[in-house]
Amino acid sequence: MQSWIFLAGAIVLEVAGTSSMKISDGFSKFVPSVFIFIFYGLSFFSLTFAIKEIDISIGYAVWSGIGTALIATIGFLYFKEPLTLLKVISLLLIVIGVIGLNLSTPSR
């Protein structure tokens with residue numbers, strides 16, 4: 001269970017790092033630029049502890065898939081990016097793929 005907490009933390013930190021990329025405006029703003037490296041470093045640190053007990057295929061799929069879905073949501077809600085039907089369907093396919101990987105792996 002603790003591994004899943006580390007994985008959740010890694011996802012939140014990765015999303016914060018990616019959001020900082022957008023806010024940094026191409027490294028033209030100092031503080032958000034620094035936060036990119038801090039958040040990503042902490043995300044990888046946490047992900048490393050998560051995959052000690054979670055299969056790397058599952059851990060990475062969940063980390064990247066849920067992170068992608070969250071970033072897309074933040075892009076739409078906060079950064080006012082357009083949301084199209086194709087984007088929604090694509091994100092659903094990512095989530096379905098992550099769920100499929102989880103279901104295909106026998107629990108330990």
# chains A, B, ... in the order shown; residues from 1 in each chain; ligands from 1
>>> residues_around(residues="A:Thr73", least_positions_apart="4", cutoff="12 Å", atoms="only C-alpha atoms", output="PDB file with N, CA and C atoms, in the first residue's frame")
ATOM      1  N   VAL A  15       2.893  16.256 -12.305  1.00  0.00           N
ATOM      2  CA  VAL A  15       1.905  17.205 -12.823  1.00  0.00           C
ATOM      3  C   VAL A  15       2.300  18.637 -12.443  1.00  0.00           C
ATOM      4  N   SER A  19       3.156  21.494 -15.146  1.00  0.00           N
ATOM      5  CA  SER A  19       2.459  22.783 -15.063  1.00  0.00           C
ATOM      6  C   SER A  19       3.462  23.928 -14.943  1.00  0.00           C
ATOM      7  N   ILE A  66      -1.989   8.537 -15.862  1.00  0.00           N
ATOM      8  CA  ILE A  66      -2.785   9.411 -15.002  1.00  0.00           C
ATOM      9  C   ILE A  66      -2.223  10.827 -15.054  1.00  0.00           C
ATOM     10  N   GLY A  67      -0.908  10.956 -15.106  1.00  0.00           N
ATOM     11  CA  GLY A  67      -0.292  12.280 -15.241  1.00  0.00           C
ATOM     12  C   GLY A  67      -0.733  12.980 -16.513  1.00  0.00           C
ATOM     13  N   THR A  68      -0.777  12.240 -17.609  1.00  0.00           N
ATOM     14  CA  THR A  68      -1.221  12.802 -18.886  1.00  0.00           C
ATOM     15  C   THR A  68      -2.671  13.258 -18.801  1.00  0.00           C
ATOM     16  N   ALA A  69      -3.524  12.430 -18.211  1.00  0.00           N
ATOM     17  CA  ALA A  69      -4.938  12.798 -18.074  1.00  0.00           C
ATOM     18  C   ALA A  69      -5.103  14.033 -17.195  1.00  0.00           C
ATOM     19  N   LEU A  77      -8.907  23.337 -18.069  1.00  0.00           N
ATOM     20  CA  LEU A  77      -9.532  24.159 -17.032  1.00  0.00           C
ATOM     21  C   LEU A  77      -8.753  25.426 -16.690  1.00  0.00           C
ATOM     22  N   TYR A  78      -7.434  25.299 -16.569  1.00  0.00           N
ATOM     23  CA  TYR A  78      -6.628  26.432 -16.089  1.00  0.00           C
ATOM     24  C   TYR A  78      -6.001  27.235 -17.224  1.00  0.00           C
ATOM     25  N   PHE A  79      -5.447  26.536 -18.201  1.00  0.00           N
ATOM     26  CA  PHE A  79      -4.751  27.229 -19.284  1.00  0.00           C
ATOM     27  C   PHE A  79      -5.654  27.516 -20.480  1.00  0.00           C
ATOM     28  N   LYS A  80      -6.921  27.161 -20.363  1.00  0.00           N
ATOM     29  CA  LYS A  80      -7.943  27.460 -21.387  1.00  0.00           C
ATOM     30  C   LYS A  80      -7.599  26.872 -22.754  1.00  0.00           C
ATOM     31  N   GLU A  81      -7.007  25.669 -22.747  1.00  0.00           N
ATOM     32  CA  GLU A  81      -6.720  24.975 -23.998  1.00  0.00           C
ATOM     33  C   GLU A  81      -8.006  24.338 -24.522  1.00  0.00           C
ATOM     34  N   PRO A  82      -8.136  24.218 -25.835  1.00  0.00           N
ATOM     35  CA  PRO A  82      -9.375  23.638 -26.380  1.00  0.00           C
ATOM     36  C   PRO A  82      -9.497  22.149 -26.042  1.00  0.00           C
ATOM     37  N   LEU A  83     -10.724  21.723 -25.791  1.00  0.00           N
ATOM     38  CA  LEU A  83     -11.006  20.324 -25.531  1.00  0.00           C
ATOM     39  C   LEU A  83     -11.878  19.813 -26.666  1.00  0.00           C
ATOM     40  N   THR A  84     -11.333  18.857 -27.400  1.00  0.00           N
ATOM     41  CA  THR A  84     -12.076  18.303 -28.538  1.00  0.00           C
ATOM     42  C   THR A  84     -12.510  16.883 -28.225  1.00  0.00           C
ATOM     43  N   LYS A  87      -9.608  14.513 -28.354  1.00  0.00           N
ATOM     44  CA  LYS A  87      -8.772  14.534 -27.148  1.00  0.00           C
ATOM     45  C   LYS A  87      -9.411  13.710 -26.041  1.00  0.00           C
ATOM     46  N   VAL A  88     -10.707  13.862 -25.860  1.00  0.00           N
ATOM     47  CA  VAL A  88     -11.408  13.124 -24.807  1.00  0.00           C
ATOM     48  C   VAL A  88     -11.327  11.621 -25.075  1.00  0.00           C
ATOM     49  N   LEU A  91      -7.762  10.378 -24.419  1.00  0.00           N
ATOM     50  CA  LEU A  91      -7.479  10.274 -22.984  1.00  0.00           C
ATOM     51  C   LEU A  91      -8.182   9.064 -22.367  1.00  0.00           C
TER      52      LEU A  91
END
>>> select_by_dssp(residues="chain A", states="helix (DSSP H, G or I)", output="ChimeraX atom specification")
/A:2-24,30-50,56-77,85-104
>>> write_last_selection(atoms="C-alpha atoms", output="PDB file, in the first residue's frame")
ATOM      1  CA  GLN A   2       2.837   2.383   0.794  1.00  0.00           C
ATOM      2  CA  SER A   3       4.144   1.962  -2.754  1.00  0.00           C
ATOM      3  CA  TRP A   4       0.857   3.254  -4.138  1.00  0.00           C
ATOM      4  CA  ILE A   5       1.132   6.318  -1.880  1.00  0.00           C
ATOM      5  CA  PHE A   6       4.605   6.953  -3.298  1.00  0.00           C
ATOM      6  CA  LEU A   7       3.184   6.515  -6.797  1.00  0.00           C
ATOM      7  CA  ALA A   8       0.360   8.984  -6.118  1.00  0.00           C
ATOM      8  CA  GLY A   9       2.913  11.473  -4.813  1.00  0.00           C
ATOM      9  CA  ALA A  10       5.068  10.951  -7.894  1.00  0.00           C
ATOM     10  CA  ILE A  11       2.076  11.677 -10.123  1.00  0.00           C
ATOM     11  CA  VAL A  12       1.163  14.879  -8.271  1.00  0.00           C
ATOM     12  CA  LEU A  13       4.790  16.063  -8.387  1.00  0.00           C
ATOM     13  CA  GLU A  14       5.098  15.260 -12.102  1.00  0.00           C
ATOM     14  CA  VAL A  15       1.905  17.205 -12.823  1.00  0.00           C
ATOM     15  CA  ALA A  16       3.251  20.136 -10.803  1.00  0.00           C
ATOM     16  CA  GLY A  17       6.514  19.980 -12.776  1.00  0.00           C
ATOM     17  CA  THR A  18       4.736  19.916 -16.115  1.00  0.00           C
ATOM     18  CA  SER A  19       2.459  22.783 -15.063  1.00  0.00           C
ATOM     19  CA  SER A  20       5.573  24.708 -14.065  1.00  0.00           C
ATOM     20  CA  MET A  21       6.896  24.200 -17.612  1.00  0.00           C
ATOM     21  CA  LYS A  22       3.904  26.025 -19.007  1.00  0.00           C
ATOM     22  CA  ILE A  23       4.054  28.756 -16.359  1.00  0.00           C
ATOM     23  CA  SER A  24       7.816  29.253 -16.898  1.00  0.00           C
ATOM     24  CA  PHE A  30      13.011  32.129 -13.007  1.00  0.00           C
ATOM     25  CA  VAL A  31      10.931  30.712 -10.141  1.00  0.00           C
ATOM     26  CA  PRO A  32       8.682  28.438 -12.223  1.00  0.00           C
ATOM     27  CA  SER A  33      11.792  27.309 -14.127  1.00  0.00           C
ATOM     28  CA  VAL A  34      13.451  26.234 -10.881  1.00  0.00           C
ATOM     29  CA  PHE A  35      10.262  24.479  -9.773  1.00  0.00           C
ATOM     30  CA  ILE A  36      10.349  22.318 -12.918  1.00  0.00           C
ATOM     31  CA  PHE A  37      13.560  20.649 -11.760  1.00  0.00           C
ATOM     32  CA  ILE A  38      12.522  20.441  -8.112  1.00  0.00           C
ATOM     33  CA  PHE A  39       9.156  18.838  -8.880  1.00  0.00           C
ATOM     34  CA  TYR A  40      10.553  16.420 -11.471  1.00  0.00           C
ATOM     35  CA  GLY A  41      13.444  15.437  -9.212  1.00  0.00           C
ATOM     36  CA  LEU A  42      11.076  14.712  -6.336  1.00  0.00           C
ATOM     37  CA  SER A  43       8.718  12.895  -8.697  1.00  0.00           C
ATOM     38  CA  PHE A  44      11.438  10.522  -9.891  1.00  0.00           C
ATOM     39  CA  PHE A  45      12.610  10.074  -6.304  1.00  0.00           C
ATOM     40  CA  SER A  46       9.103   9.049  -5.259  1.00  0.00           C
ATOM     41  CA  LEU A  47       8.582   6.896  -8.366  1.00  0.00           C
ATOM     42  CA  THR A  48      11.778   5.013  -7.540  1.00  0.00           C
ATOM     43  CA  PHE A  49      10.355   4.011  -4.163  1.00  0.00           C
ATOM     44  CA  ALA A  50       7.008   3.104  -5.743  1.00  0.00           C
ATOM     45  CA  ILE A  56       7.738  -1.148 -13.397  1.00  0.00           C
ATOM     46  CA  SER A  57       5.341  -1.684 -16.308  1.00  0.00           C
ATOM     47  CA  ILE A  58       2.386  -0.915 -14.044  1.00  0.00           C
ATOM     48  CA  GLY A  59       4.067   1.880 -12.105  1.00  0.00           C
ATOM     49  CA  TYR A  60       5.237   3.721 -15.173  1.00  0.00           C
ATOM     50  CA  ALA A  61       1.949   3.228 -17.026  1.00  0.00           C
ATOM     51  CA  VAL A  62      -0.027   4.594 -14.094  1.00  0.00           C
ATOM     52  CA  TRP A  63       2.445   7.455 -13.545  1.00  0.00           C
ATOM     53  CA  SER A  64       2.470   8.557 -17.169  1.00  0.00           C
ATOM     54  CA  GLY A  65      -1.160   7.764 -17.986  1.00  0.00           C
ATOM     55  CA  ILE A  66      -2.785   9.411 -15.002  1.00  0.00           C
ATOM     56  CA  GLY A  67      -0.292  12.280 -15.241  1.00  0.00           C
ATOM     57  CA  THR A  68      -1.221  12.802 -18.886  1.00  0.00           C
ATOM     58  CA  ALA A  69      -4.938  12.798 -18.074  1.00  0.00           C
ATOM     59  CA  LEU A  70      -4.452  15.271 -15.224  1.00  0.00           C
ATOM     60  CA  ILE A  71      -2.304  17.588 -17.347  1.00  0.00           C
ATOM     61  CA  ALA A  72      -4.891  17.533 -20.123  1.00  0.00           C
ATOM     62  CA  THR A  73      -7.566  18.440 -17.578  1.00  0.00           C
ATOM     63  CA  ILE A  74      -5.446  21.257 -16.152  1.00  0.00           C
ATOM     64  CA  GLY A  75      -4.728  22.465 -19.679  1.00  0.00           C
ATOM     65  CA  PHE A  76      -8.429  22.687 -20.377  1.00  0.00           C
ATOM     66  CA  LEU A  77      -9.532  24.159 -17.032  1.00  0.00           C
ATOM     67  CA  LEU A  85     -13.912  15.032 -28.837  1.00  0.00           C
ATOM     68  CA  LEU A  86     -10.757  13.406 -30.224  1.00  0.00           C
ATOM     69  CA  LYS A  87      -8.772  14.534 -27.148  1.00  0.00           C
ATOM     70  CA  VAL A  88     -11.408  13.124 -24.807  1.00  0.00           C
ATOM     71  CA  ILE A  89     -11.509   9.790 -26.655  1.00  0.00           C
ATOM     72  CA  SER A  90      -7.706   9.610 -26.717  1.00  0.00           C
ATOM     73  CA  LEU A  91      -7.479  10.274 -22.984  1.00  0.00           C
ATOM     74  CA  LEU A  92     -10.114   7.617 -22.309  1.00  0.00           C
ATOM     75  CA  LEU A  93      -8.046   5.139 -24.319  1.00  0.00           C
ATOM     76  CA  ILE A  94      -4.993   5.964 -22.198  1.00  0.00           C
ATOM     77  CA  VAL A  95      -6.962   5.384 -19.001  1.00  0.00           C
ATOM     78  CA  ILE A  96      -8.423   2.141 -20.392  1.00  0.00           C
ATOM     79  CA  GLY A  97      -4.883   1.005 -21.258  1.00  0.00           C
ATOM     80  CA  VAL A  98      -3.649   1.703 -17.726  1.00  0.00           C
ATOM     81  CA  ILE A  99      -6.602  -0.187 -16.268  1.00  0.00           C
ATOM     82  CA  GLY A 100      -5.952  -3.067 -18.669  1.00  0.00           C
ATOM     83  CA  LEU A 101      -2.320  -3.311 -17.600  1.00  0.00           C
ATOM     84  CA  ASN A 102      -3.366  -3.349 -13.946  1.00  0.00           C
ATOM     85  CA  LEU A 103      -5.920  -6.085 -14.546  1.00  0.00           C
ATOM     86  CA  SER A 104      -3.500  -8.200 -16.577  1.00  0.00           C
TER      87      SER A 104
END
